[in-house]
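First the structure, in the form of structure tokens, and then the observations on it.
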There are 2 protein chains.
Amino acid sequence: MLTAHLKKLRLRTAISAAEEEVIRGLVSETREVGPDQLLVKAGATLDSSILLLDGWIVRSKDLATGQRQVTEVHIAGDFVDLHGFTLKQLDHDLVTASDCTIAIVPHERLVELTERHPHLARAYWLMTNLDASITREMALSLGQRPAISRMAHLFCELHLRLEIVGKTRGDSFDFPLTQREIAECLGLTVVHVNRTLQALRKRGLVEAGGRQVTILDRAGLESVADFDPAYLHLDKRSL
Amino acid sequence: MLTAHLKKLRLRTAISAAEEEVIRGLVSETREVGPDQLLVKAGATLDSSILLLDGWIVRSKDLATGQRQVTEVHIAGDFVDLHGFTLKQLDHDLVTASDCTIAIVPHERLVELTERHPHLARAYWLMTNLDASITREMALSLGQRPAISRMAHLFCELHLRLEIVGKTRGDSFDFPLTQREIAECLGLTVVHVNRTLQALRKRGLVEAGGRQVTILDRAGLESVADFDPAYLHLDKRSL
DNA sequence: AATACTGTTTAACACAGATTAATTCGTGAC
DNA sequence: GTCACGAATTAATCTGTGTTAAACAGTATT
């Protein structure tokens with residue numbers, strides 16, 4: 001069940017067989033959860049973190065007015081609140097966006113990891129820094145890119161990240177988010193998301209609908225998105 | 001020279017005298033730099049990180065079109081590219097926004113830190129997670145808050161962060177950013193920043209100009225900003 | 001003290017995306 | 001098979017912020 005997670009890690013740094021065993025030992029428990037479940041509420045005190053084995057989870061922040069911003073979209077292999085290990089409470093909610101399989105990792109085991117396996121500690125530190133990099137790219141989108149580029153960028157990023165963990169079929173992938181959730185990711189209204197999606201379709205760039213997305217013209221989509229995958233740090237480094 | 005940095009750390013977790021010595025030993029070199037200097041270019045390979053002792057540094061990302069988004073504003077005490085320790089190259093530029101004093105920390109010393117001082121490693125991991133939290137709040141601003149709230153929020157956050165490291169005088173603080181740079185932080189144009197600043201002045205919330213900011217009505221400003229400092233994680237935790 | 005910058009301010013006009021509201025589609029419940 | 005309800009679509013109108021351009025202020029240079 002950790003295949004996606006290990007693929008993600010190993011793309012960025014070498015993980016030995018012994019280390020892989022240590023990673024397997026982190027998990028105390030595995031659970032199935034349905035869609036639209038609030039897994040962690042902002043402000044709650046944490047003593048464990050969640051590793052997403054399968055499905056989609058979203059980090060979202062609310063304004064007093066009820067407006068909501070999704071800060072990151074998580075897929076299989078992501079450690080959705082590893083930052084909670086040091087922060088001890090999150091500044092955002094964690095909500096499932098599909099049926100999910102999650103693994104629970106108690107913080108004591110992460111303390112032990114930092115004490116006895118410093119290389120793995122650095123690898124996991126890298127994972128949280130990777131999330132931060134994704135959030136920065138999202139800030140760039142929200143601040144500077146027009147609606148159509150934001151949406152194109154989201155699709156480019158998700159296709160690439162899903163490909164890494166083996167969750168694509170060629171240019172297609174399952175996509176459980178509703179247009180409302182896309183709107184919350186992109187800082188747009190549902191109405192405008194609908195229009196923008198149609199614009200992408202009309203240009204022959206993507207085919208979306210029925211809980212699935214197909215990229216019809218990768219180069220064209222990346223150009224509309226001004227997509228440069230450098231921020232995903234897709235290379236291996238020694239840590 | 002590390003006072004600001006230690007204050008920032010100690011607000012979040014206990015640092016012993018012995019650990020303080022370890023921290024002092026991280027720095028290999030100290031430098032003075034003028035304003036508007038590109039310290040690190042996106043994509044460059046790193047083998048050291050920069051600890052900002054005094055002054056202001058900005059993280060910024062560029063679009064192909066030349067549009068720029070500032071992703072985080074750094075002040076005295078911030079480890080401006082500690083995430084570069086694991087990422088090995090940044091996805092953004094680092095640019096000075098004022099005269100700065102910076103300390104250089106070679107990555108070998110950070111490796112050693114993770115090997116021999118796991119508690120400090122966790123404390124520094126926390127620091128990068130704190131930056132990520134600030135960036136998420138910025139994404140919320142960019143995606144959901146109107147111009148006046150974004151600007152009010154920026155001032156609230158900076159006053160609080162500066163206060164922690166002892167860089168405020170009551171409700172005032174030095175503020176070296178130009179309106180162009182504020183625009184790049186808030187995802188607005190300079191013209192609109194100017195208008196918005198005047199709106200804040202007219203409402204009697206802040207006094208800004210002459211490289212300095214005074215908050216006239218803290219409660220009012222926080223209310224316009226919808227400011228909740230929870231995301232700054234201002235409490236001490238055991239790590 | 002004239003020149004040349006860089007940063008701030010003002011004004012007129014344009015537009016991307018918000019708002020509101022109504023319609024249609026899809027799917028599961030009974 | 002029809003009812004109910006959430007999701008997607010369409011249309012009309014409105015508004016916050018962008019664009020362009022010009023004036024103005026401060027400050028360093030000569």
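Letters A, B, ... go to the chains of the structure tokens in the order shown; residues in each chain start at 1; ligands are counted from 1 in the same order.
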Quiz item: Would you list which chain A residues are within 9 Å of chain D using only C-alpha atoms (C1' of nucleotides), as a PyMOL selection string?
Solution: chain A and resi 178-180+191+194-195
Atoms to include: N, CA and C atoms. Write the selected residues as a short mmCIF file (atom, residue, chain, number, x, y, z; two decimals), in the first residue's frame.
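Printed below is out26.cif as written:
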```
data_model
loop_
_atom_site.label_atom_id
_atom_site.label_comp_id
_atom_site.auth_asym_id
_atom_site.auth_seq_id
_atom_site.Cartn_x
_atom_site.Cartn_y
_atom_site.Cartn_z
N THR A 178 -15.33 18.40 -7.76
CA THR A 178 -16.44 19.07 -8.43
C THR A 178 -15.98 20.45 -8.89
N GLN A 179 -16.79 21.08 -9.71
CA GLN A 179 -16.44 22.42 -10.17
C GLN A 179 -16.38 23.41 -8.99
N ARG A 180 -17.19 23.16 -7.98
CA ARG A 180 -17.11 23.99 -6.78
C ARG A 180 -15.74 23.87 -6.12
N VAL A 191 -19.34 29.56 -11.40
CA VAL A 191 -19.79 29.99 -12.72
C VAL A 191 -18.61 30.22 -13.65
N ASN A 194 -16.84 27.06 -14.73
CA ASN A 194 -17.56 26.40 -15.81
C ASN A 194 -17.22 27.02 -17.17
N ARG A 195 -17.27 28.33 -17.22
CA ARG A 195 -16.91 29.03 -18.48
C ARG A 195 -15.49 28.70 -18.91
#
```
DSSP on the backbone, then: every residue of segment 121-172 of chain B marked helix (DSSP H, G or I), written as number ranges by chain. B: 121-144, 147-164
Include N, CA and C atoms and write out the residues we just selected as a short mmCIF file (atom, residue, chain, number, x, y, z; two decimals), in the first residue's frame.
```
data_model
loop_
_atom_site.label_atom_id
_atom_site.label_comp_id
_atom_site.auth_asym_id
_atom_site.auth_seq_id
_atom_site.Cartn_x
_atom_site.Cartn_y
_atom_site.Cartn_z
N ALA B 121 17.21 19.84 14.99
CA ALA B 121 16.75 19.53 13.63
C ALA B 121 15.23 19.70 13.56
N ARG B 122 14.54 19.20 14.58
CA ARG B 122 13.09 19.34 14.59
C ARG B 122 12.69 20.82 14.71
N ALA B 123 13.43 21.58 15.49
CA ALA B 123 13.14 23.00 15.62
C ALA B 123 13.29 23.72 14.27
N TYR B 124 14.32 23.37 13.53
CA TYR B 124 14.51 24.01 12.23
C TYR B 124 13.52 23.50 11.19
N TRP B 125 13.15 22.25 11.33
CA TRP B 125 12.09 21.72 10.47
C TRP B 125 10.82 22.56 10.72
N LEU B 126 10.55 22.80 11.99
CA LEU B 126 9.42 23.66 12.36
C LEU B 126 9.51 25.02 11.67
N MET B 127 10.70 25.60 11.63
CA MET B 127 10.83 26.93 11.00
C MET B 127 10.41 26.89 9.53
N THR B 128 10.79 25.85 8.81
CA THR B 128 10.38 25.80 7.40
C THR B 128 8.87 25.56 7.30
N ASN B 129 8.32 24.81 8.25
CA ASN B 129 6.87 24.60 8.22
C ASN B 129 6.11 25.88 8.56
N LEU B 130 6.72 26.70 9.36
CA LEU B 130 6.14 27.99 9.68
C LEU B 130 6.09 28.88 8.43
N ASP B 131 7.17 28.89 7.67
CA ASP B 131 7.16 29.63 6.41
C ASP B 131 6.03 29.14 5.52
N ALA B 132 5.88 27.83 5.45
CA ALA B 132 4.83 27.27 4.60
C ALA B 132 3.46 27.75 5.07
N SER B 133 3.29 27.84 6.38
CA SER B 133 2.01 28.29 6.93
C SER B 133 1.73 29.74 6.52
N ILE B 134 2.76 30.55 6.55
CA ILE B 134 2.63 31.94 6.13
C ILE B 134 2.26 32.02 4.65
N THR B 135 2.86 31.17 3.85
CA THR B 135 2.55 31.15 2.43
C THR B 135 1.11 30.70 2.18
N ARG B 136 0.63 29.75 2.98
CA ARG B 136 -0.77 29.33 2.82
C ARG B 136 -1.71 30.47 3.14
N GLU B 137 -1.40 31.22 4.18
CA GLU B 137 -2.25 32.36 4.53
C GLU B 137 -2.24 33.37 3.38
N MET B 138 -1.09 33.52 2.75
CA MET B 138 -0.99 34.43 1.61
C MET B 138 -1.84 33.92 0.45
N ALA B 139 -1.86 32.61 0.24
CA ALA B 139 -2.71 32.04 -0.81
C ALA B 139 -4.18 32.34 -0.51
N LEU B 140 -4.54 32.23 0.75
CA LEU B 140 -5.92 32.57 1.14
C LEU B 140 -6.21 34.03 0.81
N SER B 141 -5.29 34.91 1.14
CA SER B 141 -5.46 36.33 0.82
C SER B 141 -5.63 36.54 -0.68
N LEU B 142 -4.69 35.97 -1.45
CA LEU B 142 -4.69 36.19 -2.89
C LEU B 142 -5.96 35.63 -3.54
N GLY B 143 -6.41 34.49 -3.02
CA GLY B 143 -7.56 33.86 -3.64
C GLY B 143 -8.89 34.43 -3.21
N GLN B 144 -8.98 34.92 -1.96
CA GLN B 144 -10.30 35.24 -1.42
C GLN B 144 -10.48 36.65 -0.88
N ALA B 147 -8.73 43.65 -2.09
CA ALA B 147 -7.48 44.40 -1.98
C ALA B 147 -7.26 45.00 -0.59
N ILE B 148 -8.26 45.65 -0.05
CA ILE B 148 -8.06 46.37 1.22
C ILE B 148 -7.78 45.39 2.36
N SER B 149 -8.40 44.22 2.34
CA SER B 149 -8.14 43.22 3.37
C SER B 149 -6.75 42.63 3.22
N ARG B 150 -6.35 42.41 1.99
CA ARG B 150 -5.01 41.86 1.77
C ARG B 150 -3.95 42.79 2.35
N MET B 151 -4.12 44.07 2.07
CA MET B 151 -3.13 45.03 2.53
C MET B 151 -3.16 45.13 4.04
N ALA B 152 -4.35 45.21 4.61
CA ALA B 152 -4.48 45.26 6.06
C ALA B 152 -3.84 44.02 6.69
N HIS B 153 -4.06 42.88 6.07
CA HIS B 153 -3.52 41.63 6.58
C HIS B 153 -2.00 41.65 6.57
N LEU B 154 -1.43 42.15 5.50
CA LEU B 154 0.03 42.24 5.40
C LEU B 154 0.59 43.07 6.54
N PHE B 155 -0.04 44.21 6.80
CA PHE B 155 0.45 45.07 7.88
C PHE B 155 0.30 44.40 9.25
N CYS B 156 -0.82 43.74 9.48
CA CYS B 156 -1.03 43.03 10.75
C CYS B 156 0.06 41.99 10.96
N GLU B 157 0.27 41.19 9.92
CA GLU B 157 1.26 40.11 10.04
C GLU B 157 2.65 40.65 10.30
N LEU B 158 3.04 41.66 9.53
CA LEU B 158 4.40 42.17 9.67
C LEU B 158 4.61 42.82 11.03
N HIS B 159 3.60 43.54 11.51
CA HIS B 159 3.76 44.15 12.83
C HIS B 159 3.98 43.09 13.89
N LEU B 160 3.22 42.03 13.80
CA LEU B 160 3.34 40.96 14.79
C LEU B 160 4.68 40.26 14.70
N ARG B 161 5.09 39.92 13.49
CA ARG B 161 6.37 39.22 13.32
C ARG B 161 7.53 40.11 13.73
N LEU B 162 7.44 41.38 13.42
CA LEU B 162 8.52 42.30 13.80
C LEU B 162 8.57 42.48 15.32
N GLU B 163 7.40 42.47 15.94
CA GLU B 163 7.33 42.62 17.39
C GLU B 163 8.06 41.47 18.08
N ILE B 164 7.85 40.28 17.56
CA ILE B 164 8.49 39.09 18.14
C ILE B 164 10.00 39.24 18.20
#
```
Practice item. Report as a PyMOL selection string the set of chain C residues whose atoms approach chain A to within 10 Å, with distances computed over only C-alpha atoms (C1' of nucleotides). Key: chain C and resi 16-19
Take the residues from that selection and write them out as a PDB file, in the first residue's frame, keeping C-alpha atoms (C1' of nucleotides).
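Done, and the output landed in selection_39.pdb:
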```pdb
ATOM      1  C1'  DA C  16     -11.948  39.890 -16.256  1.00  0.00           C
ATOM      2  C1'  DG C  17     -14.407  37.799 -13.280  1.00  0.00           C
ATOM      3  C1'  DA C  18     -18.321  38.277  -9.632  1.00  0.00           C
ATOM      4  C1'  DT C  19     -23.213  38.083  -8.793  1.00  0.00           C
TER       5       DT C  19
END
```
- Query: Which residues, written as a VMD selection string, have at least one atom at most 9 Å from His233 of chain A, with only C-alpha atoms (C1' of nucleotides) counted and residues fewer than 2 positions away on the same chain left out?
  - Reply: (chain A and resid 12 130 133 229 to 231 235 to 236) or (chain B and resid 87 89 to 91)
Would you save the residues of that selection, restricted to C-alpha atoms, as a CSV table (one decimal), in the first residue's frame?
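File again-v3.csv, as written:
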```csv
chain,number,residue,atom,x,y,z
A,12,ARG,CA,13.8,12.7,-5.0
A,130,LEU,CA,8.1,20.2,-1.5
A,133,SER,CA,7.0,24.8,-3.1
A,229,PRO,CA,7.8,21.8,-13.5
A,230,ALA,CA,11.0,23.0,-11.9
A,231,TYR,CA,9.0,23.8,-8.7
A,235,ASP,CA,15.4,15.2,-9.7
A,236,LYS,CA,17.2,12.9,-7.3
B,87,LEU,CA,15.6,21.1,-2.0
B,89,GLN,CA,17.7,24.5,-5.6
B,90,LEU,CA,15.1,27.1,-5.1
B,91,ASP,CA,12.0,27.6,-7.2
```
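Here the residues within segment 54-89 of chain B that DSSP labels strand (DSSP E) on the basis of the backbone are Asp54, Ile57, Val58, Arg59, Ser60, Lys61, Asp62, Arg68, Gln69, Val70, Thr71, Glu72, Val73 and His74 of chain B.
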Using C-alpha atoms, can you export the residues from the last selection as a compact mmCIF listing (two decimals), in the first residue's frame?
```txt
# COMPACT_ATOMS: atom_id res chain seq x y z
CA ASP B 54 19.00 42.34 9.83
CA ILE B 57 14.57 40.05 1.95
CA VAL B 58 11.84 38.99 -0.40
CA ARG B 59 11.13 35.65 -2.10
CA SER B 60 9.82 36.28 -5.59
CA LYS B 61 8.65 34.23 -8.53
CA ASP B 62 8.45 35.45 -12.11
CA ARG B 68 6.20 38.97 -10.46
CA GLN B 69 4.71 37.53 -7.30
CA VAL B 70 6.33 37.91 -3.91
CA THR B 71 5.78 34.69 -2.01
CA GLU B 72 7.08 35.73 1.38
CA VAL B 73 8.56 38.80 3.02
CA HIS B 74 11.47 38.06 5.33
```
Give me the residues near Glu112 of chain A as a CSV table (one decimal) with C-alpha atoms, in the first residue's frame, where near means some atom within 12 Å (using only C-alpha atoms (C1' of nucleotides)) and where sequence neighbours in that chain fewer than 5 positions away do not count.
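Heads up, here's the output in result-v1.csv:
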```
chain,number,residue,atom,x,y,z
A,22,VAL,CA,11.7,1.7,8.8
A,23,ILE,CA,9.1,3.6,6.8
A,25,GLY,CA,7.2,0.6,10.6
A,26,LEU,CA,5.9,4.1,10.9
A,105,VAL,CA,1.6,7.7,11.8
A,106,PRO,CA,2.0,8.5,15.5
A,107,HIS,CA,4.3,11.4,16.2
A,117,HIS,CA,17.5,7.7,11.0
A,118,PRO,CA,18.7,11.2,10.2
A,120,LEU,CA,15.1,9.6,6.5
A,121,ALA,CA,14.4,12.7,8.6
B,118,PRO,CA,17.8,15.9,16.5
B,119,HIS,CA,15.9,18.3,18.7
B,122,ARG,CA,13.1,19.3,14.6
B,239,LEU,CA,9.6,18.9,20.1
```
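Interatomic distance, atom CA of Leu51 of chain A to atom CA of Val27 of chain A: 8.5 Å.
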Long-range neighbours of Ile104 of chain B as a CSV table (one decimal) with C-alpha atoms, in the first residue's frame, 9 Å cut-off, only C-alpha atoms (C1' of nucleotides), 5 positions minimum in chain:
```csv
chain,number,residue,atom,x,y,z
B,26,LEU,CA,26.4,27.0,12.3
B,27,VAL,CA,27.4,30.3,10.8
B,28,SER,CA,30.5,30.3,8.6
B,29,GLU,CA,30.5,33.9,7.6
B,30,THR,CA,28.6,37.2,7.9
B,31,ARG,CA,28.1,39.7,5.1
B,48,SER,CA,24.7,26.8,1.9
B,49,SER,CA,21.7,28.7,3.3
B,50,ILE,CA,21.1,32.3,4.3
B,51,LEU,CA,20.1,33.5,7.8
B,52,LEU,CA,18.9,37.1,7.7
```
Correct to one decimal, the distance atom CA of Val111 of chain B-atom CA of Asp47 of chain A is 26.3 Å
